[in-house]
Number of protein chains: 4
Amino acid sequence: MVDVQNRRDGRMITLDEAGIRDLLYPVTILDRERDRQRTVARISMSVELPHHFKGTHMSRFMEVLGRHDRDFDGRTIPAILEELKRVLDARSARMTMEFPYFMEKRAPVTGAAARMDYRCRFQGASGPGGEDFVLTVSVPVSSLCPCSREISSYGAHNQRGSITMEVRSIAGGDGLPSMVWIEELVSVAESSASSPVYGLLKRPDEKFVTESSYDNPVFVEDMARNASVQLMSDPRIIWFRVTAESLESIHNHTAYAVYEWSRKDG
Amino acid sequence: MVDVQNRRDGRMITLDEAGIRDLLYPVTILDRERDRQRTVARISMSVELPHHFKGTHMSRFMEVLGRHDRDFDGRTIPAILEELKRVLDARSARMTMEFPYFMEKRAPVTGAAARMDYRCRFQGASGPGGEDFVLTVSVPVSSLCPCSREISSYGAHNQRGSITMEVRSIAGGDGLPSMVWIEELVSVAESSASSPVYGLLKRPDEKFVTESSYDNPVFVEDMARNASVQLMSDPRIIWFRVTAESLESIHNHTAYAVYEWSRKDG
Amino acid sequence: MVDVQNRRDGRMITLDEAGIRDLLYPVTILDRERDRQRTVARISMSVELPHHFKGTHMSRFMEVLGRHDRDFDGRTIPAILEELKRVLDARSARMTMEFPYFMEKRAPVTGAAARMDYRCRFQGASGPGGEDFVLTVSVPVSSLCPCSREISSYGAHNQRGSITMEVRSIAGGDGLPSMVWIEELVSVAESSASSPVYGLLKRPDEKFVTESSYDNPVFVEDMARNASVQLMSDPRIIWFRVTAESLESIHNHTAYAVYEWSRKDG
Amino acid sequence: MVDVQNRRDGRMITLDEAGIRDLLYPVTILDRERDRQRTVARISMSVELPHHFKGTHMSRFMEVLGRHDRDFDGRTIPAILEELKRVLDARSARMTMEFPYFMEKRAPVTGAAARMDYRCRFQGASGPGGEDFVLTVSVPVSSLCPCSREISSYGAHNQRGSITMEVRSIAGGDGLPSMVWIEELVSVAESSASSPVYGLLKRPDEKFVTESSYDNPVFVEDMARNASVQLMSDPRIIWFRVTAESLESIHNHTAYAVYEWSRKDG
């Protein structure tokens, strides 16, 4: 059969990305506590399309994914990107996968355990300019308003919010990026808010969370700065963007703060 | 041209609904304060399809809507349903429209005004069994946990939540349903929670909202019951379902409660 | 500590449901081909709350789930519902879980294999009136318009759509519901449309799918009726609702059809 | 009352953005045909927060918006940004509004008219580096696969898709950006696909759309390139990013292509 995609194109436009999106797929992710965990990812994959080709061969994305669909560790996305470049005759390739990641979390007093989900994303790219990898982790937290606490005779409004960290880290000694674990970013976020949130709290835990939130009031701006200070002090991290959000309990809109940072080398 | 839809169908299945969905459309809604307001609705329309027709004529839904797309008052949906039945030769027709409805809300101390959005839905049906109309209003509110307040030495977790009321009301003296205003249901919900939420609060308002929430703790179960008690006492209302939700500030999941009720006549 | 939830409530309202919602959770589902598969579910759980209790104990839902979070087979949801009724002192309980289910699907000519996702839902309830279970499967399909094909000199508009089947089935000989497999409902839907959709198609497959769609034109009404005829002929099925949708390629809205059916025994 | 937000902060972090998000609001937009149209926008507003301030005054965003909430023309967002910088004592400010925009579209043969919605976004920023404005318009279209058409004996798979254009344009002679109308970008997109999509088509229109789609097959890559060629040739446009998507009718995932371009001056 004719290969229409391989035909010449005369518009002289090299597309930055041509690929597939919104593909749901079961994946296995490295898990610091339990070795591996299975979850479901929303995947996109693309390649650069040179100006002289009319189209890319979309079916090959699925073929490459099918050959790698088991465990995703630090080497899997680079390997997929190399293979995409080869089978699609492309200079550069990209892949994004978004997935819920589960951790067992213990209640602060009783130690009762329950699963919590954290929204994560891996974004990899490979091209003439080198490799790139961004890890994103979004952590639900609780924030208690410092202003409300200070001006009120009793009580203080608080609410669910989130701290989302997008992070690039440097290459370690063995030539691979030194790994920043999802678990580490969860810990950064939880210590930057008024309190972590939990899957399961018994009454002594609820008392503890209520009082410790009241003792640690933060604006959404504080959450962004607290997380940023921690990420800047981590020598592995060379770039990040922190977005803190607060689902205001006194409004029907969200308050948010963003801080983006790059390490200046010296 | 041939009319494929009008062909005979032999499967002997009368479809309950055949129509269109997920249509965005600008509409004008009756507004108790300001006469009329313009907003945007997500619309679905359908008719029953007799077993002997192969298909309905989907383009006629748009034609009928186009002839009515100005003001939606209490007579508009019945008129559209009548016209759908006529032009599509159907025994029954249905229409749903979901839209944000805006009210100007004043802060409780300073009186500062700002717009707030409330998610609403009109669902109409007309068939051999008569007419039906359900008004749904979803109201964002604030809830403060009675348990957290009682067991904690200070503070209490609170959060944004919502109270959604689906309501059928009786025919008034002039043969038309006596109208329950969106504004009335907003008021029912806000008085059933720890506090209303607002578009704009200055510091004296924030102090007031914080303290009055602390003074009015409610479980999500209380919110459902408080709204239900009010709706039952309204003689116009013959059926309702109340769903209260609380975006727990100490968890990453939602707590909810549901109560459905029908008036027993006497 | 005081148990606020256990306090007496005087509003005389027995809530139909009090529970939790929007909980993401990793689960394992029975898989006809591969024994078991791991996926991620969105879960809700609730109990009836008697009028004399002020609130339910929300943390117990997580505790019960935590004791069952491994494999979900036909006995798991009934067991969870029994335990919920016991630990929460309730007459009835409900549980819903929605999840993507993955099947390996082979291209029709080359046999190339790739994963496809199908949206599924288990809804269980247990109360004084007995047990209830509804299986829902939503299957992406392709539809080609009979009218467009007939009136046009060449070509025919076609598009992605879906067929969603909600199904109740009867108790089998061993006292348990005779199981309707997700795989069986996928097969019903795919044979009711112009063509299945696939994760991966090579060119000979694409030619086959294009031509076989053209040979099997269906309205969205046909898809609903075709699936309904098949479900009615399955003696295990006692109730169903079929919803067919078509993401019209010539419009920016969706066409849909619904048919609900109950077996009249004799 | 104390002003907690105005307190000194010692973390030395100037936040890029501090503000509010996910605010639904009724707005009025300039309309080339009908002067003005009312719709509903999802709004975000933020300011840079200097490192020495603990927090911004979130209520002032609503106050500023409330003073401008009537007509949004080319001067409204710059005026809001100036006011935000002033009342919040900030060096820079940003505002984004996303909204459905409605146009009356006529069927190609019968001329039957119906409303169509187009997803639009205004993004404005003002700071020490100057002003910025990006107009985004997302247009639903229909695409017919050239490969499917060529390799199949009859028929060709086609589907709904979209072309999204993000555009920056130059300052016109009067010191203001020369306006690119939403209507112009809709026209660019529709002429880059196999066919426009319509709100309402009668049978002669459906025949026309079916045949003209078959006569104009495009890959998703072609749609991105066709729109890009048109945007590059418009001297007002200095930067754009085009994203074409196709809701593949033979798959359960989306195909897409992206092209970003900047005018090189000289």
# chains A, B, ... in the order shown; residues from 1 in each chain; ligands from 1

call {"tool": "interface_residues", "arguments": {"of": "chain A", "to": "chain D", "cutoff": "6 Å", "atoms": "only C-alpha atoms", "output": "ChimeraX atom specification"}}
result
/A:4,15-23,147,253-259

call {"tool": "atom_distance", "arguments": {"atom1": "atom CA of D:Pro196", "atom2": "atom CA of D:Phe102"}}
result
14.9 Å

call {"tool": "atom_distance", "arguments": {"atom1": "atom CA of C:Ile250", "atom2": "atom CA of C:Tyr198"}}
result
22.2 Å

call {"tool": "residues_around", "arguments": {"residues": "stretch 142-145 of chain C", "least_positions_apart": "5", "cutoff": "7 Å", "atoms": "only C-alpha atoms", "output": "PyMOL selection string"}}
result
(chain C and resi 156-161+193-197+213-214+217-219) or (chain D and resi 249-250)

call {"tool": "write_last_selection", "arguments": {"atoms": "N, CA and C atoms", "output": "mmCIF file, in the first residue's frame"}}
result
data_model
loop_
_atom_site.group_PDB
_atom_site.id
_atom_site.type_symbol
_atom_site.label_atom_id
_atom_site.label_comp_id
_atom_site.auth_asym_id
_atom_site.auth_seq_id
_atom_site.Cartn_x
_atom_site.Cartn_y
_atom_site.Cartn_z
ATOM 1 N N ALA C 156 -18.794 9.472 3.638
ATOM 2 C CA ALA C 156 -19.871 9.470 4.647
ATOM 3 C C ALA C 156 -19.231 9.941 5.935
ATOM 4 N N HIS C 157 -19.928 10.845 6.651
ATOM 5 C CA HIS C 157 -19.279 11.289 7.881
ATOM 6 C C HIS C 157 -19.347 10.186 8.928
ATOM 7 N N ASN C 158 -18.249 10.052 9.654
ATOM 8 C CA ASN C 158 -18.197 9.075 10.739
ATOM 9 C C ASN C 158 -17.466 9.695 11.908
ATOM 10 N N GLN C 159 -17.455 9.038 13.056
ATOM 11 C CA GLN C 159 -16.916 9.674 14.247
ATOM 12 C C GLN C 159 -16.764 8.653 15.376
ATOM 13 N N ARG C 160 -16.052 9.090 16.413
ATOM 14 C CA ARG C 160 -15.966 8.276 17.610
ATOM 15 C C ARG C 160 -17.252 8.445 18.407
ATOM 16 N N GLY C 161 -17.674 7.421 19.071
ATOM 17 C CA GLY C 161 -18.843 7.495 19.926
ATOM 18 C C GLY C 161 -18.637 6.505 21.069
ATOM 19 N N ALA C 193 -22.010 -1.296 16.634
ATOM 20 C CA ALA C 193 -21.586 -0.042 16.014
ATOM 21 C C ALA C 193 -21.148 -0.287 14.577
ATOM 22 N N SER C 194 -20.674 0.744 13.903
ATOM 23 C CA SER C 194 -20.134 0.559 12.558
ATOM 24 C C SER C 194 -18.818 -0.192 12.603
ATOM 25 N N SER C 195 -18.048 0.039 13.659
ATOM 26 C CA SER C 195 -16.771 -0.655 13.819
ATOM 27 C C SER C 195 -16.308 -0.498 15.256
ATOM 28 N N PRO C 196 -15.550 -1.487 15.776
ATOM 29 C CA PRO C 196 -14.827 -1.240 17.024
ATOM 30 C C PRO C 196 -13.772 -0.159 16.787
ATOM 31 N N VAL C 197 -13.230 0.398 17.860
ATOM 32 C CA VAL C 197 -12.009 1.198 17.743
ATOM 33 C C VAL C 197 -10.882 0.392 18.363
ATOM 34 N N SER C 213 -16.622 -0.063 8.202
ATOM 35 C CA SER C 213 -17.507 0.986 8.725
ATOM 36 C C SER C 213 -18.464 1.457 7.640
ATOM 37 N N TYR C 214 -17.936 1.654 6.454
ATOM 38 C CA TYR C 214 -18.781 2.114 5.351
ATOM 39 C C TYR C 214 -19.856 1.077 5.022
ATOM 40 N N PRO C 217 -23.294 1.180 8.165
ATOM 41 C CA PRO C 217 -23.678 2.493 8.699
ATOM 42 C C PRO C 217 -24.708 2.340 9.820
ATOM 43 N N VAL C 218 -24.567 3.144 10.866
ATOM 44 C CA VAL C 218 -25.556 3.134 11.960
ATOM 45 C C VAL C 218 -25.798 4.551 12.463
ATOM 46 N N PHE C 219 -27.051 4.870 12.735
ATOM 47 C CA PHE C 219 -27.398 6.052 13.526
ATOM 48 C C PHE C 219 -27.108 5.742 14.993
ATOM 49 N N SER D 249 -11.487 8.681 14.965
ATOM 50 C CA SER D 249 -12.694 7.846 15.020
ATOM 51 C C SER D 249 -12.348 6.364 15.005
ATOM 52 N N ILE D 250 -11.085 6.003 14.797
ATOM 53 C CA ILE D 250 -10.697 4.591 14.770
ATOM 54 C C ILE D 250 -9.909 4.194 16.023
#

call {"tool": "residues_around", "arguments": {"residues": "B:Gly74", "least_positions_apart": "3", "cutoff": "8 Å", "atoms": "only C-alpha atoms", "output": "number ranges by chain"}}
result
B: 77-78, 179

call {"tool": "write_last_selection", "arguments": {"atoms": "N, CA and C atoms", "output": "short mmCIF file (atom, residue, chain, number, x, y, z; two decimals), in the first residue's frame"}}
result
data_model
loop_
_atom_site.label_atom_id
_atom_site.label_comp_id
_atom_site.auth_asym_id
_atom_site.auth_seq_id
_atom_site.Cartn_x
_atom_site.Cartn_y
_atom_site.Cartn_z
N ILE B 77 -39.61 26.52 28.59
CA ILE B 77 -39.33 25.09 28.40
C ILE B 77 -40.59 24.33 28.02
N PRO B 78 -41.74 24.55 28.69
CA PRO B 78 -42.96 23.88 28.20
C PRO B 78 -43.25 24.17 26.72
N MET B 179 -43.86 29.43 41.26
CA MET B 179 -42.43 29.45 41.02
C MET B 179 -41.63 29.45 42.32
#

call {"tool": "residues_around", "arguments": {"residues": "stretch 106-120 of chain B", "least_positions_apart": "3", "cutoff": "6 Å", "atoms": "only C-alpha atoms", "output": "list in words"}}
result
Glu98, Phe99, Pro100, Tyr101, Phe102, Met103, Thr136, Val137, Ser138, Val139, Gly199, Leu200, Leu201 and Asp205 of chain B
